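J.: Mind looking over this structure? Questions follow.
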Amino acid sequence: MEYVTLNNGVKMPVLGYGVFRINAEDTESHVLDAIRVGYRLIDTAQIYGNEKGVGKAVKKSGVPREGFFLTTKIWITNETYQQTLRSIDGSLRRLHTDHIDLLLIHQPYGDYYGQYEAMGAAYKMGKARAIGVSNFYQSRFLGFAAWQEIVPAVDQMEMHVFQQQRSLRRALEKYGTQIEAWAPFAEGREDYFEDPVLKKIGEAHGKTAAQTALRFLIQEKAVVIPKTVRKEKMEENYQIFDFSLDREEMEEIASLDRGKTLFSSYHDDETGAWLRSKPNTEIDCK
Ligand SMILES: NC(=O)c1ccc[n+]([C@@H]2O[C@H](COP(=O)([O-])OP(=O)(O)OC[C@H]3O[C@@H](n4cnc5c(N)ncnc54)[C@H](OP(=O)(O)O)[C@@H]3O)[C@@H](O)[C@H]2O)c1
């Protein structure tokens, strides 16, 4: 495994396992598989409704807690300082731990200043080793970060070969904020795993398009958190440290960038309303 050092000195693995859209009842066994393959960074969120499964797998694995890097994200309905503090305790309980390695604001909507203040308090109490944001596009990030005593350690964003976030990454660099790539395979959209450039470059190294894409992203200094429920794909996605892409190959993949989202745009009116309407039944923040 390779690591990055966050702007507060905490070490973070560059490759992790994401559990978005994994059912609560299946999470424990998939995360246990991922742990057996070697993953130690596990990325969950309050809204995923599967923090308990992650906590159970970590406990069952026999790997000491210090060996893991657990991330969770505060959902938008935990809007105030007090609600956020309570929800952090809920996440800690569900994850069977006394600290979260990385705590993120999930979405740049609602009272995220109040959320972040509470996350800062949790950080000072030792309940989080690092705090940061997610889905903070460039102008939102810059407006926010400039006012914070604790500079966000991470911005977790959509990032894959078709959306390389070049401009945002330059802005993050100014604050030493690490980019973390969600949907590093664009969830398979646009025939990602059949992309001719990724396939051709991968074949030259005896690697798949998926491995080539992840390698590109980590060489671009992103942390990646691919999701799969198939153990053989977990293994495939883990085998990205035994080859490297040269400058020409990096440039060819860089040219795939379309510079725009393949998902919901944070610049559209509907996105906030849609996120606000999401069911919240599994979030126990008491
Ligand atoms: N902060 C946010 O707002 C946000 C948003 C989205 C995601 N995330 C995080 O980022 C993580 C990853 O993103 P994601 O789950 O949306 O999408 P993703 O990792 O880009 O893609 C997942 C899809 O790719 C397939 N896949 C995985 N490895 C493969 C391989 N080697 N070959 C072929 N297919 C493969 C999976 O299939 P199977 O599962 O069927 O095997 C699944 O359909 C999430 O789990 C979550 O932790 C965060």
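Every chain in the structure tokens takes a letter, A first, then B, and so on in the order presented; its residues are numbered from 1, and the ligands are numbered from 1 following the presented order.
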Return as a PDB file with N, CA and C atoms, in the first residue's frame the residues of protein, DNA or RNA that approach ligand 1 to within 7 Å, with only C-alpha atoms and all ligand atoms taken into account.
T.:
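Now in part_6.pdb:
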```
ATOM      1  N   TYR A  17     -11.830   1.035  -0.050  1.00  0.00           N
ATOM      2  CA  TYR A  17     -13.007   0.289  -0.502  1.00  0.00           C
ATOM      3  C   TYR A  17     -14.258   1.106  -0.164  1.00  0.00           C
ATOM      4  N   GLY A  18     -15.052   1.423  -1.196  1.00  0.00           N
ATOM      5  CA  GLY A  18     -16.267   2.211  -0.994  1.00  0.00           C
ATOM      6  C   GLY A  18     -17.483   1.311  -0.880  1.00  0.00           C
ATOM      7  N   VAL A  19     -18.429   1.673  -0.015  1.00  0.00           N
ATOM      8  CA  VAL A  19     -19.580   0.790   0.238  1.00  0.00           C
ATOM      9  C   VAL A  19     -20.927   1.430  -0.109  1.00  0.00           C
ATOM     10  N   PHE A  20     -20.908   2.435  -0.976  1.00  0.00           N
ATOM     11  CA  PHE A  20     -22.158   3.067  -1.437  1.00  0.00           C
ATOM     12  C   PHE A  20     -23.016   2.020  -2.155  1.00  0.00           C
ATOM     13  N   ARG A  21     -24.312   2.016  -1.835  1.00  0.00           N
ATOM     14  CA  ARG A  21     -25.292   1.117  -2.458  1.00  0.00           C
ATOM     15  C   ARG A  21     -25.077  -0.356  -2.114  1.00  0.00           C
ATOM     16  N   ASP A  43     -14.735   3.357   3.126  1.00  0.00           N
ATOM     17  CA  ASP A  43     -15.470   4.616   2.972  1.00  0.00           C
ATOM     18  C   ASP A  43     -16.969   4.365   3.050  1.00  0.00           C
ATOM     19  N   THR A  44     -17.594   4.850   4.155  1.00  0.00           N
ATOM     20  CA  THR A  44     -19.040   4.739   4.296  1.00  0.00           C
ATOM     21  C   THR A  44     -19.618   6.126   4.538  1.00  0.00           C
ATOM     22  N   HIS A 106     -20.956  15.637   3.969  1.00  0.00           N
ATOM     23  CA  HIS A 106     -21.270  14.871   2.759  1.00  0.00           C
ATOM     24  C   HIS A 106     -21.630  15.775   1.582  1.00  0.00           C
ATOM     25  N   GLN A 107     -22.403  16.832   1.867  1.00  0.00           N
ATOM     26  CA  GLN A 107     -22.911  17.664   0.774  1.00  0.00           C
ATOM     27  C   GLN A 107     -22.841  19.142   1.149  1.00  0.00           C
ATOM     28  N   SER A 134     -16.937  17.026   1.220  1.00  0.00           N
ATOM     29  CA  SER A 134     -17.177  16.248   0.006  1.00  0.00           C
ATOM     30  C   SER A 134     -18.123  17.034  -0.885  1.00  0.00           C
ATOM     31  N   ASN A 135     -17.910  16.920  -2.161  1.00  0.00           N
ATOM     32  CA  ASN A 135     -18.734  17.597  -3.165  1.00  0.00           C
ATOM     33  C   ASN A 135     -18.650  19.117  -3.079  1.00  0.00           C
ATOM     34  N   GLN A 156     -13.638  15.125  -1.025  1.00  0.00           N
ATOM     35  CA  GLN A 156     -13.986  13.902  -1.778  1.00  0.00           C
ATOM     36  C   GLN A 156     -14.953  14.296  -2.894  1.00  0.00           C
ATOM     37  N   MET A 157     -14.531  14.054  -4.122  1.00  0.00           N
ATOM     38  CA  MET A 157     -15.250  14.553  -5.299  1.00  0.00           C
ATOM     39  C   MET A 157     -15.391  13.483  -6.354  1.00  0.00           C
ATOM     40  N   GLU A 158     -16.367  13.644  -7.213  1.00  0.00           N
ATOM     41  CA  GLU A 158     -16.418  12.826  -8.428  1.00  0.00           C
ATOM     42  C   GLU A 158     -15.101  13.041  -9.181  1.00  0.00           C
ATOM     43  N   ALA A 181     -11.077  10.558  -4.867  1.00  0.00           N
ATOM     44  CA  ALA A 181     -11.918  10.351  -6.047  1.00  0.00           C
ATOM     45  C   ALA A 181     -13.071   9.414  -5.747  1.00  0.00           C
ATOM     46  N   TRP A 182     -14.306   9.964  -5.707  1.00  0.00           N
ATOM     47  CA  TRP A 182     -15.458   9.043  -5.661  1.00  0.00           C
ATOM     48  C   TRP A 182     -15.841   8.675  -7.084  1.00  0.00           C
ATOM     49  N   ALA A 183     -16.466   7.483  -7.213  1.00  0.00           N
ATOM     50  CA  ALA A 183     -16.784   6.919  -8.537  1.00  0.00           C
ATOM     51  C   ALA A 183     -15.556   6.932  -9.450  1.00  0.00           C
ATOM     52  N   PRO A 184     -14.445   6.336  -9.012  1.00  0.00           N
ATOM     53  CA  PRO A 184     -13.239   6.350  -9.853  1.00  0.00           C
ATOM     54  C   PRO A 184     -13.429   5.599 -11.172  1.00  0.00           C
ATOM     55  N   PHE A 185     -14.518   4.791 -11.259  1.00  0.00           N
ATOM     56  CA  PHE A 185     -14.871   4.137 -12.532  1.00  0.00           C
ATOM     57  C   PHE A 185     -16.111   4.791 -13.156  1.00  0.00           C
ATOM     58  N   ALA A 186     -16.488   5.964 -12.672  1.00  0.00           N
ATOM     59  CA  ALA A 186     -17.723   6.607 -13.146  1.00  0.00           C
ATOM     60  C   ALA A 186     -18.898   5.635 -13.079  1.00  0.00           C
ATOM     61  N   GLU A 187     -18.837   4.729 -12.088  1.00  0.00           N
ATOM     62  CA  GLU A 187     -19.879   3.691 -11.920  1.00  0.00           C
ATOM     63  C   GLU A 187     -20.094   2.900 -13.206  1.00  0.00           C
ATOM     64  N   GLY A 188     -19.071   2.801 -14.030  1.00  0.00           N
ATOM     65  CA  GLY A 188     -19.167   2.016 -15.268  1.00  0.00           C
ATOM     66  C   GLY A 188     -19.853   2.746 -16.418  1.00  0.00           C
ATOM     67  N   PHE A 193     -15.191   0.458 -18.754  1.00  0.00           N
ATOM     68  CA  PHE A 193     -14.275  -0.692 -18.700  1.00  0.00           C
ATOM     69  C   PHE A 193     -13.891  -1.194 -20.092  1.00  0.00           C
ATOM     70  N   ALA A 210      -9.727  -1.171 -15.801  1.00  0.00           N
ATOM     71  CA  ALA A 210     -10.012  -0.714 -14.432  1.00  0.00           C
ATOM     72  C   ALA A 210      -8.707  -0.416 -13.681  1.00  0.00           C
ATOM     73  N   GLN A 211      -7.759  -1.340 -13.776  1.00  0.00           N
ATOM     74  CA  GLN A 211      -6.477  -1.145 -13.081  1.00  0.00           C
ATOM     75  C   GLN A 211      -5.731   0.065 -13.640  1.00  0.00           C
ATOM     76  N   ILE A 225     -11.366   5.158  -4.137  1.00  0.00           N
ATOM     77  CA  ILE A 225     -12.163   4.260  -3.286  1.00  0.00           C
ATOM     78  C   ILE A 225     -13.162   3.470  -4.140  1.00  0.00           C
ATOM     79  N   PRO A 226     -12.659   2.614  -5.047  1.00  0.00           N
ATOM     80  CA  PRO A 226     -13.571   1.856  -5.897  1.00  0.00           C
ATOM     81  C   PRO A 226     -14.478   0.931  -5.086  1.00  0.00           C
ATOM     82  N   LYS A 227     -15.677   0.721  -5.623  1.00  0.00           N
ATOM     83  CA  LYS A 227     -16.640  -0.195  -4.990  1.00  0.00           C
ATOM     84  C   LYS A 227     -16.876  -1.391  -5.907  1.00  0.00           C
ATOM     85  N   THR A 228     -16.892  -2.578  -5.330  1.00  0.00           N
ATOM     86  CA  THR A 228     -17.368  -3.760  -6.035  1.00  0.00           C
ATOM     87  C   THR A 228     -17.845  -4.750  -4.986  1.00  0.00           C
ATOM     88  N   VAL A 229     -18.831  -5.588  -5.365  1.00  0.00           N
ATOM     89  CA  VAL A 229     -19.262  -6.632  -4.443  1.00  0.00           C
ATOM     90  C   VAL A 229     -18.606  -7.968  -4.800  1.00  0.00           C
ATOM     91  N   ARG A 230     -17.796  -7.984  -5.879  1.00  0.00           N
ATOM     92  CA  ARG A 230     -17.165  -9.242  -6.307  1.00  0.00           C
ATOM     93  C   ARG A 230     -15.735  -9.325  -5.793  1.00  0.00           C
ATOM     94  N   LYS A 233     -12.946  -8.898  -8.257  1.00  0.00           N
ATOM     95  CA  LYS A 233     -12.758  -7.504  -8.697  1.00  0.00           C
ATOM     96  C   LYS A 233     -12.070  -6.690  -7.595  1.00  0.00           C
ATOM     97  N   MET A 234     -12.358  -7.030  -6.326  1.00  0.00           N
ATOM     98  CA  MET A 234     -11.629  -6.366  -5.223  1.00  0.00           C
ATOM     99  C   MET A 234     -10.137  -6.639  -5.392  1.00  0.00           C
ATOM    100  N   GLU A 236      -8.577  -7.533  -8.210  1.00  0.00           N
ATOM    101  CA  GLU A 236      -8.104  -6.822  -9.420  1.00  0.00           C
ATOM    102  C   GLU A 236      -7.809  -5.353  -9.089  1.00  0.00           C
ATOM    103  N   ASN A 237      -8.744  -4.713  -8.409  1.00  0.00           N
ATOM    104  CA  ASN A 237      -8.588  -3.282  -8.124  1.00  0.00           C
ATOM    105  C   ASN A 237      -7.441  -3.009  -7.154  1.00  0.00           C
TER     106      ASN A 237
END
```
J.: Excluding A:Asp26 and any residue of its chain fewer than 3 positions from it, enumerate the residues within 10 Å of it, using only C-alpha atoms, and give them as a list in words.
T.: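 Residues meeting the cut-off are Ile22, Asn23, Ser29, His30, Val31, Asn50, Gly53, Val54 and Val229 of chain A.
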J.: In Å, rounded to a single decimal, give me how far atom CA of A:Tyr48 is from atom CA of A:Gln82.
T.: 21.5 Å
J.: Using only C-alpha atoms, which residue out of A:Leu103, A:Leu172, A:Ala128, A:Val161 lies closest to A:Leu214?
T.: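 Answer, going by the shortest atom-to-atom distance: A:Val161.
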J.: Using DSSP assignments from the backbone, pull out every residue in stretch 34-255 of chain A that falls under strand (DSSP E) and give it to me as a ChimeraX atom specification.
T.: /A:41-43,69-74,102-105,131-134,154-158,178-182,223-224
J.: As a ChimeraX atom specification, please: every residue in stretch 6-192 of chain A that DSSP puts in helix (DSSP H, G or I).
T.: /A:24-37,46-48,51-61,65-67,81-94,112-124,138-145,166-175,186-192
J.: For A:Ser244, list every protein, DNA or RNA residue within 10 Å, evaluated using only C-alpha atoms, and leave out those in the same chain fewer than 2 positions away; present the list as a list in words.
T.: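 So, after excluding close chain neighbours, the residues are His205, Thr212, Arg215, Phe216, Gln219, Ile240, Phe241, Asp242, Asp246, Arg247, Glu249 and Met250 of chain A.
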J.: For atom CA of A:Asp195 and atom CA of A:Tyr238, determine how far apart the two atoms are, in Å to one decimal place.
T.: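 Taking atom CA of A:Asp195 and atom CA of A:Tyr238, their separation equals 19.9 Å.
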J.: For the atom pair atom CA of A:Ala24 and atom CA of A:Leu95, what is the interatomic distance in Å to one decimal place?
T.: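 Atom CA of A:Leu95 lies at a distance of 12.7 Å from atom CA of A:Ala24.
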J.: Can you list, as a list in words, every protein, DNA or RNA residue that comes within 7 Å of A:Leu102 when you count only C-alpha atoms, leaving out same-chain residues fewer than 6 positions away?
T.: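 Counting only C-alpha atoms, the residues come to Leu70, Thr71, Thr72, Ala128, Arg129, Ala130 and Ile131 of chain A.
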J.: Take the residues from that selection and write them out as a PDB file, in the first residue's frame, keeping C-alpha atoms.
T.:
```
ATOM      1  CA  LEU A  70     -12.416   4.538   8.531  1.00  0.00           C
ATOM      2  CA  THR A  71     -14.250   7.348   6.799  1.00  0.00           C
ATOM      3  CA  THR A  72     -17.844   8.409   7.310  1.00  0.00           C
ATOM      4  CA  ALA A 128     -11.965  12.260  14.530  1.00  0.00           C
ATOM      5  CA  ARG A 129      -8.344  12.172  13.366  1.00  0.00           C
ATOM      6  CA  ALA A 130      -9.037  14.378  10.362  1.00  0.00           C
ATOM      7  CA  ILE A 131     -12.014  16.358   9.049  1.00  0.00           C
TER       8      ILE A 131
END
```
J.: Of the candidates A:Thr208, A:Thr97, A:Thr271, A:Thr261, which one gets nearest to A:Gly55 if we count only C-alpha atoms?
T.: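 Closest candidate: A:Thr97.
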J.: Write out as a PyMOL selection string the residues lying within 12 Å of A:Val4, counting only C-alpha atoms and excluding same-chain residues fewer than 2 positions away.
T.: chain A and resi 1-2+6-15+153-154+176-180+218-219+221-224
J.: Dump C-alpha atoms for the selected residues as a JSON list (two decimals), in the first residue's frame?
T.:
```
[["chain", "number", "residue", "atom", "x", "y", "z"],
["A", 1, "MET", "CA", 0.00, 0.00, 0.00],
["A", 2, "GLU", "CA", 1.05, 3.57, -0.62],
["A", 6, "LEU", "CA", -2.78, 14.88, 4.99],
["A", 7, "ASN", "CA", -2.33, 18.56, 5.88],
["A", 8, "ASN", "CA", -2.54, 17.70, 9.60],
["A", 9, "GLY", "CA", 0.14, 14.98, 9.40],
["A", 10, "VAL", "CA", -2.24, 11.98, 9.38],
["A", 11, "LYS", "CA", -1.32, 9.18, 6.94],
["A", 12, "MET", "CA", -4.06, 7.94, 4.60],
["A", 13, "PRO", "CA", -3.91, 4.91, 2.25],
["A", 14, "VAL", "CA", -4.20, 5.90, -1.43],
["A", 15, "LEU", "CA", -6.57, 3.00, -2.15],
["A", 153, "ALA", "CA", -7.88, 17.74, 5.07],
["A", 154, "VAL", "CA", -9.77, 16.19, 2.14],
["A", 176, "GLY", "CA", -2.82, 21.27, 1.11],
["A", 177, "THR", "CA", -6.26, 19.62, 0.82],
["A", 178, "GLN", "CA", -6.13, 16.08, -0.56],
["A", 179, "ILE", "CA", -8.48, 15.14, -3.41],
["A", 180, "GLU", "CA", -10.25, 11.82, -2.96],
["A", 218, "ILE", "CA", -3.18, 7.62, -7.98],
["A", 219, "GLN", "CA", -0.32, 8.90, -10.16],
["A", 221, "LYS", "CA", -2.12, 12.11, -6.58],
["A", 222, "ALA", "CA", -5.77, 11.22, -5.89],
["A", 223, "VAL", "CA", -6.94, 8.78, -3.22],
["A", 224, "VAL", "CA", -9.30, 6.25, -4.85]]
```
